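Note: the block below is target-v4.txt and it holds compact mmCIF, C-alpha atoms.
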# COMPACT_ATOMS: atom_id res chain seq x y z
CA MET A 1 50.40 6.60 -72.99
CA ALA A 2 48.15 5.38 -75.81
CA HIS A 3 45.13 5.86 -73.51
CA MET A 4 46.21 9.42 -72.71
CA SER A 5 46.78 10.28 -76.40
CA SER A 6 43.35 9.01 -77.37
CA LEU A 7 41.82 10.95 -74.49
CA PHE A 8 43.20 14.28 -75.69
CA VAL A 9 42.26 13.52 -79.29
CA SER A 10 38.72 12.92 -78.07
CA LEU A 11 38.78 16.23 -76.18
CA LEU A 12 39.94 18.06 -79.29
CA LEU A 13 37.15 16.53 -81.33
CA PHE A 14 34.65 17.37 -78.59
CA PHE A 15 35.53 21.07 -78.46
CA SER A 16 35.69 21.39 -82.24
CA THR A 17 32.23 19.80 -82.47
CA VAL A 18 30.54 21.98 -79.88
CA SER A 19 32.13 25.13 -81.33
CA ALA A 20 29.88 24.70 -84.34
CA HIS A 21 26.81 25.13 -82.12
CA THR A 22 25.42 28.55 -81.32
CA THR A 23 25.17 27.55 -77.62
CA PRO A 24 28.58 27.06 -75.97
CA PRO A 25 29.15 24.06 -73.70
CA SER A 26 27.94 24.53 -70.15
CA LEU A 27 31.16 23.13 -68.71
CA GLY A 28 34.56 24.47 -69.71
CA PRO A 29 37.82 22.50 -70.07
CA ALA A 30 38.96 23.46 -66.54
CA ASP A 31 36.50 20.90 -65.18
CA LEU A 32 35.79 18.72 -68.20
CA ILE A 33 39.39 17.61 -68.64
CA PRO A 34 39.67 16.48 -64.97
CA LEU A 35 36.39 14.56 -65.34
CA LEU A 36 37.71 12.68 -68.34
CA LEU A 37 41.00 11.96 -66.59
CA ILE A 38 39.02 10.58 -63.65
CA ARG A 39 37.02 8.48 -66.10
CA ASN A 40 40.22 7.23 -67.69
CA SER A 41 41.49 5.85 -64.35
CA LEU A 42 38.29 3.95 -63.51
CA ARG A 43 36.05 1.40 -65.16
CA ASP A 44 32.77 -0.36 -64.48
CA LEU A 45 32.88 -3.80 -62.95
CA HIS A 46 30.71 -6.50 -64.46
CA GLY A 47 27.07 -5.56 -64.07
CA SER A 48 27.74 -1.84 -63.59
CA GLU A 49 26.84 0.70 -66.27
CA PHE A 50 27.69 3.89 -64.41
CA PHE A 51 29.99 5.34 -67.09
CA SER A 52 27.64 4.56 -69.97
CA THR A 53 26.35 8.16 -69.85
CA TRP A 54 29.81 9.75 -69.86
CA ASN A 55 29.64 10.33 -73.60
CA LEU A 56 31.73 12.99 -75.33
CA SER A 57 29.00 13.51 -77.90
CA SER A 58 26.89 15.17 -75.22
CA PRO A 59 26.92 18.97 -75.41
CA ASP A 60 26.13 19.31 -71.69
CA PRO A 61 27.99 16.97 -69.29
CA CYS A 62 26.31 18.69 -66.34
CA SER A 63 22.95 17.28 -67.37
CA SER A 64 24.04 14.00 -68.95
CA PHE A 65 27.02 12.61 -67.01
CA SER A 66 25.79 10.35 -64.19
CA GLY A 67 26.93 11.56 -60.78
CA VAL A 68 27.90 15.05 -61.95
CA ILE A 69 26.12 18.12 -60.58
CA CYS A 70 27.17 21.62 -61.57
CA ALA A 71 26.62 25.10 -60.20
CA VAL A 72 27.49 28.63 -61.27
CA ASP A 73 30.23 30.21 -59.18
CA SER A 74 30.67 33.84 -58.14
CA LYS A 75 32.32 34.61 -61.49
CA ASN A 76 29.31 33.22 -63.39
CA ILE A 77 31.33 30.20 -64.50
CA VAL A 78 29.77 26.72 -64.49
CA ARG A 79 31.78 24.38 -62.25
CA VAL A 80 31.35 20.84 -60.94
CA SER A 81 30.02 21.12 -57.38
CA SER A 82 29.20 17.47 -56.66
CA LEU A 83 30.77 14.26 -57.98
CA THR A 84 29.37 10.81 -57.22
CA LEU A 85 31.30 7.81 -58.58
CA GLY A 86 29.18 4.67 -58.80
CA THR A 87 25.47 4.02 -58.33
CA GLY A 88 25.34 2.43 -54.89
CA LEU A 89 22.68 0.01 -56.15
CA ALA A 90 22.56 -3.40 -54.53
CA ASP A 91 22.82 -5.22 -57.87
CA SER A 92 25.89 -3.25 -59.00
CA TRP A 93 29.46 -4.34 -58.28
CA GLY A 94 30.61 -0.74 -58.54
CA LEU A 95 33.83 0.58 -60.02
CA THR A 96 37.44 -0.54 -60.11
CA GLY A 97 40.69 1.26 -60.88
CA THR A 98 42.32 4.10 -58.95
CA LEU A 99 41.43 7.64 -57.92
CA SER A 100 43.10 10.10 -60.26
CA PRO A 101 44.88 13.16 -58.83
CA ALA A 102 42.76 15.05 -61.38
CA LEU A 103 40.09 15.04 -58.67
CA CYS A 104 42.03 17.91 -57.12
CA ASP A 105 41.48 20.06 -60.21
CA LEU A 106 37.73 20.26 -59.58
CA ALA A 107 38.31 23.40 -57.58
CA ALA A 108 34.65 24.14 -56.80
CA LEU A 109 33.82 20.64 -55.55
CA VAL A 110 31.61 20.66 -52.45
CA GLN A 111 30.65 16.98 -52.27
CA LEU A 112 32.61 13.85 -53.24
CA VAL A 113 31.04 10.40 -52.98
CA VAL A 114 32.65 7.09 -53.98
CA TYR A 115 30.18 4.22 -53.70
CA PRO A 116 31.22 0.66 -52.73
CA GLY A 117 33.31 -1.16 -55.31
CA LYS A 118 36.88 -2.36 -55.78
CA ILE A 119 38.79 0.87 -56.21
CA THR A 120 42.40 0.48 -55.10
CA GLY A 121 45.35 2.75 -54.42
CA PRO A 122 45.64 5.85 -52.23
CA ILE A 123 43.53 8.94 -51.73
CA PRO A 124 45.29 11.69 -53.70
CA ASP A 125 47.46 13.75 -51.34
CA CYS A 126 46.28 16.95 -53.02
CA ILE A 127 42.68 16.52 -51.85
CA GLY A 128 43.26 19.06 -49.08
CA GLY A 129 43.48 21.76 -51.72
CA LEU A 130 39.76 21.52 -52.50
CA SER A 131 38.86 24.32 -50.14
CA GLN A 132 35.11 24.10 -50.76
CA LEU A 133 34.73 20.42 -49.82
CA ARG A 134 32.15 19.80 -47.11
CA PHE A 135 31.24 16.17 -47.63
CA ILE A 136 33.56 13.22 -48.42
CA SER A 137 32.35 9.63 -48.50
CA MET A 138 34.55 6.84 -49.87
CA THR A 139 33.29 3.62 -48.33
CA SER A 140 33.66 -0.13 -48.84
CA ASN A 141 36.42 -0.20 -51.43
CA LEU A 142 40.08 -1.30 -51.34
CA ILE A 143 41.52 2.18 -50.88
CA SER A 144 44.92 1.94 -49.17
CA GLY A 145 47.75 4.10 -47.92
CA THR A 146 47.38 6.72 -45.23
CA ILE A 147 44.79 9.42 -44.69
CA PRO A 148 46.37 12.47 -46.36
CA ALA A 149 47.45 15.05 -43.80
CA SER A 150 46.11 17.71 -46.15
CA VAL A 151 42.53 16.66 -45.28
CA ALA A 152 43.01 18.73 -42.11
CA ASN A 153 43.16 21.82 -44.35
CA LEU A 154 39.50 21.43 -45.34
CA SER A 155 38.12 24.09 -43.02
CA LEU A 156 34.53 23.65 -44.27
CA LEU A 157 34.47 19.86 -43.92
CA HIS A 158 31.31 18.56 -42.23
CA THR A 159 31.45 14.81 -42.97
CA LEU A 160 34.38 12.47 -43.58
CA ASP A 161 33.47 8.81 -44.17
CA LEU A 162 36.37 6.55 -45.18
CA GLY A 163 35.02 3.39 -43.57
CA TYR A 164 35.59 -0.17 -44.74
CA ASN A 165 38.78 0.25 -46.72
CA LEU A 166 42.44 -0.70 -46.23
CA LEU A 167 43.74 2.58 -44.85
CA GLN A 168 46.61 2.37 -42.39
CA GLY A 169 48.82 4.52 -40.23
CA ARG A 170 47.79 7.32 -37.90
CA VAL A 171 44.87 9.71 -38.04
CA PRO A 172 46.19 13.19 -38.89
CA PRO A 173 46.18 14.94 -35.49
CA ASP A 174 44.77 18.17 -36.89
CA LEU A 175 41.81 16.40 -38.49
CA THR A 176 39.85 16.19 -35.23
CA LYS A 177 40.43 19.90 -34.63
CA LEU A 178 38.37 21.04 -37.62
CA GLY A 179 35.73 23.33 -36.19
CA GLY A 180 32.93 22.33 -38.55
CA LEU A 181 33.53 18.56 -38.55
CA LYS A 182 30.39 16.77 -37.32
CA VAL A 183 30.67 13.22 -38.70
CA LEU A 184 33.89 11.15 -38.68
CA ILE A 185 33.69 7.52 -39.82
CA LEU A 186 36.93 5.57 -40.15
CA ALA A 187 35.52 2.14 -39.27
CA ASP A 188 37.06 -1.15 -40.38
CA ASN A 189 40.46 -0.05 -41.63
CA ARG A 190 43.99 -0.68 -40.40
CA LEU A 191 44.53 2.54 -38.50
CA TRP A 192 46.65 2.50 -35.37
CA ARG A 193 48.27 4.43 -32.53
CA GLU A 194 46.28 6.78 -30.28
CA VAL A 195 42.96 8.38 -31.08
CA PRO A 196 43.93 12.05 -31.45
CA PRO A 197 42.44 14.67 -29.11
CA ILE A 198 39.02 15.80 -30.31
CA ALA A 199 38.48 19.54 -30.38
CA SER A 200 35.67 19.64 -32.94
CA GLU A 201 32.01 19.42 -31.93
CA LEU A 202 31.45 15.96 -33.36
CA LEU A 203 27.99 14.41 -33.47
CA HIS A 204 29.00 11.01 -34.86
CA LEU A 205 32.30 9.18 -34.26
CA ASP A 206 32.86 5.64 -35.58
CA LEU A 207 36.34 4.11 -35.24
CA ARG A 208 35.36 0.45 -34.85
CA SER A 209 37.55 -2.46 -36.01
CA ASN A 210 40.93 -0.79 -36.26
CA SER A 211 44.08 -1.14 -34.13
CA PHE A 212 43.85 2.00 -32.02
CA SER A 213 45.66 1.86 -28.68
CA GLY A 214 46.04 4.05 -25.64
CA GLN A 215 43.23 5.69 -23.74
CA LEU A 216 40.02 7.23 -24.95
CA PRO A 217 40.53 10.99 -25.30
CA GLN A 218 38.28 13.68 -23.91
CA LEU A 219 35.00 13.51 -25.80
CA PRO A 220 32.94 16.49 -26.95
CA SER A 221 29.64 16.98 -25.11
CA THR A 222 27.87 17.19 -28.49
CA LEU A 223 28.30 13.47 -29.30
CA ARG A 224 25.20 11.49 -30.21
CA TYR A 225 26.86 8.35 -31.61
CA LEU A 226 30.11 6.83 -30.34
CA CYS A 227 31.61 3.53 -31.53
CA VAL A 228 35.20 2.42 -30.90
CA SER A 229 34.59 -1.33 -30.62
CA GLY A 230 37.17 -3.90 -31.66
CA ASN A 231 40.33 -1.94 -30.95
CA GLY A 232 43.05 -2.17 -28.29
CA LEU A 233 42.00 0.79 -26.17
CA VAL A 234 42.86 0.64 -22.47
CA GLY A 235 42.44 2.50 -19.20
CA PRO A 236 39.45 3.73 -17.23
CA LEU A 237 36.44 5.40 -18.83
CA THR A 238 37.39 8.70 -17.24
CA HIS A 239 36.38 10.76 -20.26
CA LEU A 240 32.98 9.14 -20.67
CA THR A 241 31.55 12.03 -18.70
CA VAL A 242 28.23 13.80 -19.05
CA LEU A 243 27.15 13.52 -22.68
CA PRO A 244 23.62 14.92 -22.65
CA ASP A 245 22.84 14.13 -26.30
CA LEU A 246 24.38 10.64 -26.44
CA GLU A 247 22.04 8.04 -27.97
CA PHE A 248 24.38 5.18 -28.91
CA VAL A 249 27.66 4.06 -27.33
CA ASP A 250 29.69 0.96 -28.25
CA LEU A 251 33.03 0.47 -26.49
CA SER A 252 32.97 -3.32 -26.71
CA MET A 253 35.92 -5.63 -27.32
CA ASN A 254 38.65 -3.41 -25.93
CA GLU A 255 40.64 -3.54 -22.68
CA PHE A 256 38.95 -0.78 -20.70
CA ASN A 257 39.06 -1.24 -16.94
CA GLY A 258 37.70 0.34 -13.78
CA PRO A 259 34.06 1.21 -13.07
CA ILE A 260 31.30 2.29 -15.41
CA PRO A 261 30.88 6.04 -14.78
CA ASP A 262 27.66 6.93 -12.97
CA THR A 263 27.21 9.78 -15.42
CA LEU A 264 26.86 7.44 -18.41
CA PHE A 265 23.26 6.66 -17.50
CA SER A 266 22.30 9.63 -15.37
CA GLY A 267 23.81 12.25 -17.66
CA SER A 268 22.53 10.86 -20.98
CA PRO A 269 18.70 10.93 -20.92
CA LEU A 270 18.46 10.08 -24.65
CA LEU A 271 20.61 6.94 -24.37
CA SER A 272 19.10 3.90 -26.10
CA THR A 273 22.01 1.52 -26.77
CA VAL A 274 24.94 0.73 -24.46
CA MET A 275 27.52 -1.84 -25.60
CA LEU A 276 30.38 -2.33 -23.14
CA GLN A 277 30.83 -6.10 -23.44
CA ARG A 278 34.15 -7.94 -23.45
CA ASN A 279 36.26 -5.47 -21.51
CA ASN A 280 37.81 -5.59 -18.03
CA LEU A 281 35.27 -3.35 -16.31
CA SER A 282 34.69 -3.83 -12.58
CA GLY A 283 32.65 -2.41 -9.72
CA GLN A 284 28.89 -2.13 -9.53
CA ILE A 285 26.52 -1.29 -12.35
CA PRO A 286 25.41 2.32 -11.81
CA ALA A 287 21.90 2.85 -10.53
CA MET A 288 19.50 4.73 -12.78
CA SER A 289 16.95 7.13 -11.38
CA THR A 290 15.06 7.15 -14.68
CA PRO A 291 15.51 4.29 -17.20
CA GLY A 292 14.93 6.69 -20.09
CA LEU A 293 14.79 5.27 -23.60
CA LEU A 294 17.10 2.29 -23.07
CA SER A 295 16.62 -0.41 -25.68
CA THR A 296 19.76 -2.58 -25.62
CA VAL A 297 22.29 -2.86 -22.79
CA ASP A 298 25.19 -5.30 -23.12
CA LEU A 299 27.61 -5.36 -20.18
CA SER A 300 28.52 -9.04 -20.54
CA HIS A 301 31.97 -10.61 -20.20
CA ASN A 302 33.38 -8.16 -17.66
CA PHE A 303 34.14 -8.32 -13.92
CA LEU A 304 31.10 -6.39 -12.68
CA SER A 305 29.94 -7.16 -9.15
CA GLY A 306 27.14 -6.24 -6.76
CA GLU A 307 23.44 -6.72 -7.49
CA VAL A 308 21.43 -6.44 -10.67
CA PRO A 309 20.13 -2.83 -10.78
CA PRO A 310 16.34 -2.44 -11.10
CA GLY A 311 16.71 0.41 -13.61
CA LEU A 312 17.55 -1.85 -16.55
CA ALA A 313 14.27 -3.75 -16.34
CA GLY A 314 12.65 -1.38 -18.84
CA ALA A 315 15.12 -2.18 -21.65
CA GLU A 316 14.21 -4.48 -24.52
CA SER A 317 17.43 -6.54 -24.44
CA VAL A 318 19.75 -6.90 -21.43
CA TYR A 319 22.98 -8.91 -21.41
CA LEU A 320 24.64 -9.13 -17.98
CA ASN A 321 26.04 -12.65 -18.36
CA ASN A 322 29.60 -13.66 -17.51
CA ASN A 323 30.15 -11.24 -14.64
CA ARG A 324 30.27 -11.55 -10.84
CA LEU A 325 26.77 -10.37 -9.96
CA ARG A 326 25.12 -11.68 -6.78
CA GLY A 327 21.83 -11.56 -4.95
CA MET A 328 18.24 -11.79 -6.10
CA VAL A 329 17.14 -10.67 -9.53
CA PRO A 330 14.67 -7.77 -9.03
CA ARG A 331 11.04 -8.70 -9.56
CA ASP A 332 10.69 -5.98 -12.23
CA TYR A 333 12.76 -8.11 -14.62
CA VAL A 334 10.39 -11.03 -14.23
CA ARG A 335 7.42 -8.82 -15.06
CA SER A 336 9.17 -7.38 -18.12
CA VAL A 337 10.11 -10.81 -19.47
CA TYR A 338 6.64 -12.27 -19.00
CA ASN A 339 4.65 -9.29 -20.24
CA GLY A 340 6.68 -9.23 -23.46
CA SER A 341 8.36 -5.83 -23.10
CA MET A 342 11.80 -7.43 -22.60
CA LYS A 343 12.82 -9.72 -25.47
CA THR A 344 16.20 -10.93 -24.18
CA LEU A 345 17.55 -11.34 -20.65
CA TYR A 346 20.90 -13.10 -20.31
CA LEU A 347 22.07 -13.56 -16.70
CA GLN A 348 24.04 -16.81 -17.02
CA HIS A 349 27.49 -17.30 -15.52
CA ASN A 350 27.08 -15.07 -12.47
CA TYR A 351 26.53 -15.80 -8.76
CA LEU A 352 22.84 -14.92 -8.58
CA SER A 353 20.84 -16.59 -5.83
CA GLY A 354 17.26 -16.34 -7.02
CA PHE A 355 14.79 -15.42 -9.73
CA PRO A 356 11.37 -14.60 -8.18
CA LEU A 357 9.20 -16.80 -10.36
CA PRO A 358 6.34 -18.98 -9.04
CA GLU A 359 7.24 -22.67 -9.10
CA GLY A 360 5.98 -24.46 -12.17
CA THR A 361 5.75 -21.32 -14.33
CA PRO A 362 6.60 -22.28 -17.93
CA SER A 363 9.37 -20.67 -19.95
CA PRO A 364 8.41 -17.31 -21.48
CA GLN A 365 7.04 -17.55 -25.00
CA THR A 366 8.12 -14.12 -26.26
CA ALA A 367 11.59 -13.75 -24.75
CA ALA A 368 14.98 -15.44 -24.54
CA LEU A 369 15.71 -15.97 -20.84
CA CYS A 370 18.91 -17.62 -19.62
CA LEU A 371 19.72 -18.15 -15.93
CA SER A 372 22.13 -21.10 -16.12
CA TYR A 373 25.27 -21.47 -14.03
CA ASN A 374 24.34 -19.30 -11.09
CA CYS A 375 24.00 -20.06 -7.38
CA MET A 376 20.47 -21.40 -7.80
CA GLU A 377 18.56 -24.06 -9.61
CA PRO A 378 17.10 -22.16 -12.61
CA PRO A 379 13.29 -22.06 -12.32
CA VAL A 380 12.93 -22.28 -16.12
CA GLY A 381 14.63 -24.53 -18.65
CA PRO A 382 17.67 -23.68 -20.78
CA ALA A 383 15.67 -23.25 -23.99
CA GLY A 384 16.42 -19.53 -24.11
CA CYS A 385 20.18 -19.91 -23.60
CA PRO A 386 22.83 -19.67 -26.31
CA ALA A 387 24.66 -22.87 -27.27
CA SER A 388 27.85 -21.61 -25.62
CA VAL A 389 26.36 -21.62 -22.12
CA GLY A 390 27.25 -25.27 -21.40
CA VAL A 391 25.29 -28.10 -19.82
CA GLN A 392 25.71 -27.30 -16.10
CA ARG A 393 22.54 -25.66 -14.80
CA SER A 394 24.05 -24.44 -11.50
CA ARG A 395 27.42 -23.54 -10.06
CA PRO A 396 29.15 -25.97 -7.70
CA GLY A 397 28.23 -25.24 -4.10
CA ASN A 398 31.77 -24.35 -3.09
CA GLN A 399 31.67 -21.36 -5.45
CA CYS A 400 28.65 -19.80 -3.76
CA SER A 401 28.56 -17.84 -0.52
CA SER A 402 25.99 -19.99 1.32
CA SER A 403 24.10 -23.24 0.93
CA SER A 404 20.82 -21.36 0.79
CA ALA A 405 21.91 -19.79 -2.49
CA PHE A 406 20.53 -22.83 -4.31
CA ASN A 407 16.99 -22.35 -3.03
CA ALA A 408 14.95 -20.97 -5.94
CA THR A 409 12.71 -18.17 -4.72
CA THR A 410 9.04 -18.67 -5.51
CA THR A 411 7.45 -15.45 -4.42
CA LYS A 412 4.50 -14.24 -6.46
CA VAL A 413 5.27 -12.10 -9.50

Same coordinates, now as structure tokens:
Amino acid sequence: MAHMSSLFVSLLLFFSTVSAHTTPPSLGPADLIPLLLIRNSLRDLHGSEFFSTWNLSSPDPCSSFSGVICAVDSKNIVRVSSLTLGTGLADSWGLTGTLSPALCDLAALVQLVVYPGKITGPIPDCIGGLSQLRFISMTSNLISGTIPASVANLSLLHTLDLGYNLLQGRVPPDLTKLGGLKVLILADNRLWREVPPIASELLHLDLRSNSFSGQLPQLPSTLRYLCVSGNGLVGPLTHLTVLPDLEFVDLSMNEFNGPIPDTLFSGSPLLSTVMLQRNNLSGQIPAMSTPGLLSTVDLSHNFLSGEVPPGLAGAESVYLNNNRLRGMVPRDYVRSVYNGSMKTLYLQHNYLSGFPLPEGTPSPQTAALCLSYNCMEPPVGPAGCPASVGVQRSRPGNQCSSSSAFNATTTKV
């Protein structure tokens, strides 16, 4: 209470001081009082000086308060349109304290940013009343509680980034129905239950490292970035259909099963990164008519079978280890590894029968190549293998389909 009393005394002194000037303050009490209440609930951590400019002696908070940007509304009244709390600088520890419900009194707020720090407590439930909000970013703090259901009332919302906090519970089902929502980042929290149906035309969806369960919902065809790694999602990838603008997909470390949809590669010509490792996927790796812009493909630690598809030979890093692949490795992979265009090729722990490399060819100098524990004697040493691969160079003969599987192929590259 003593803090609150001193705050209002300061406000009284502020307005009595500026009234003596011929120029009135640019920001009226409707927004200034909420700003000072917000300030009263937060403080700088050691090494941060963000609030050093929030000085009541300033006649114009809009030009002097760090992180405050103002604009004139339709009634010719100066209002706070953007509020940034913290500096985001690498050498700053940020802010601590809690988020005051006074945030909800900044009625003209369009953008709200809370930089990394140690802010605790919940997001004010009333935030959904800020009808002009288009951008919310509150990342890498200790914000807890649930995502307020009122956020789904923000009809103009374009970006919601609440990643790397301690939020729990379910995602408000109406949140993913907002027509203008393009970016949704809820990564690394404690959210659970099903991912709600997505009706908005999202471009960027990041739900990694939570406790989501159930199946992946139908995805909008507008997606460019999709990450749901490190959850408990199950079922086939039925809804990973044609996504023509998809550039990045990471579904790793879940419990997805069934085949990789053919349309993932053929229907996404802009695709550069595919991360499907550590699931229960089976069947053959889809063939690709055009390799496109593929840079990294990780399909390791699944139950994929069949042969290694030639189409991945143009990627920079390929991880197909710990599957059930058989047959000869296509010659295109050898060329890519030895001409330097492919930097990593992991094929260990499969049932491959040959790698078409001339006998006596040294290990590649510009790539990590691992062929251990297949149905062949690896033609190059284990120098490019990770430490976890083990010491056995080849599978026991009784695990391979024929005795000839151990004959290393030495055809010319």

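Proximity of A:Arg278, A:Arg39, A:Lys182, A:Arg326 to A:Ser66, computed with all atoms listed in the file, is greatest for A:Arg39.
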
Checklist entry - Hey, what's within 9 Å of A:His46 if we count all atoms listed in the file and toss same-chain stuff fewer than 4 positions away? As a PyMOL selection string, please? => result chain A and resi 92-95

Checklist entry - Using all atoms listed in the file, which residues sit within 7 Å of stretch 107-115 of chain A once same-chain residues fewer than 5 positions away are excluded, as a PyMOL selection string? => result chain A and resi 79-88+94+130+132-139

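Note that atom CA of A:Ser295 and atom CA of A:Pro330 are 18.3 Å apart.
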
Checklist entry - Which neighbours of A:Gly179 fall inside 8 Å, counting only C-alpha atoms, when residues of the same chain fewer than 2 positions from it are skipped, and could you give them as a PyMOL selection string? => result chain A and resi 155+177+181+199-201

Interface rows for stretch 208-304 of chain A against stretch 156-164 of chain A: nearest pair, Å to one decimal, 12 Å, all atoms listed in the file, as JSON lines:
{"residue": "A:Arg208", "atom": "CA", "partner": "A:Gly163", "partner_atom": "CA", "distance": 9.2}
{"residue": "A:Ser209", "atom": "CA", "partner": "A:Tyr164", "partner_atom": "CA", "distance": 9.2}
{"residue": "A:Asn210", "atom": "CA", "partner": "A:Tyr164", "partner_atom": "CA", "distance": 10.0}

Next on the checklist: Using all atoms listed in the file, list the residues that have an atom at most 12 Å from (20.0, 4.6, -25.0), coordinates as in the file, as a PyMOL selection string.
Outcome noted: chain A and resi 224-226+243-250+264-275+290-298+312+314-317

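Minimum distance to A:Leu99 across A:Ser144, A:Gln168, A:Ser26, A:Ser74 (counting only C-alpha atoms) occurs at A:Ser144.
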
Item to check | Residue contacts of A:Asn279 (12 Å, all atoms listed in the file) excluding same-chain residues fewer than 4 positions away, as a ChimeraX atom specification | outcome: /A:229-237,250-260,275,298-304,322-323

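Taking all atoms listed in the file into account, the protein, DNA and RNA residues within 8 Å of (12.5, -11.3, -25.0) read Glu316, Ser317, Val337, Gly340, Ser341, Met342, Lys343, Thr344, Leu345, Thr366, Ala367, Ala368 and Leu369 of chain A.
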
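Atom to atom, atom CA of A:Leu205 and atom CA of A:Leu184 stand 5.1 Å apart.
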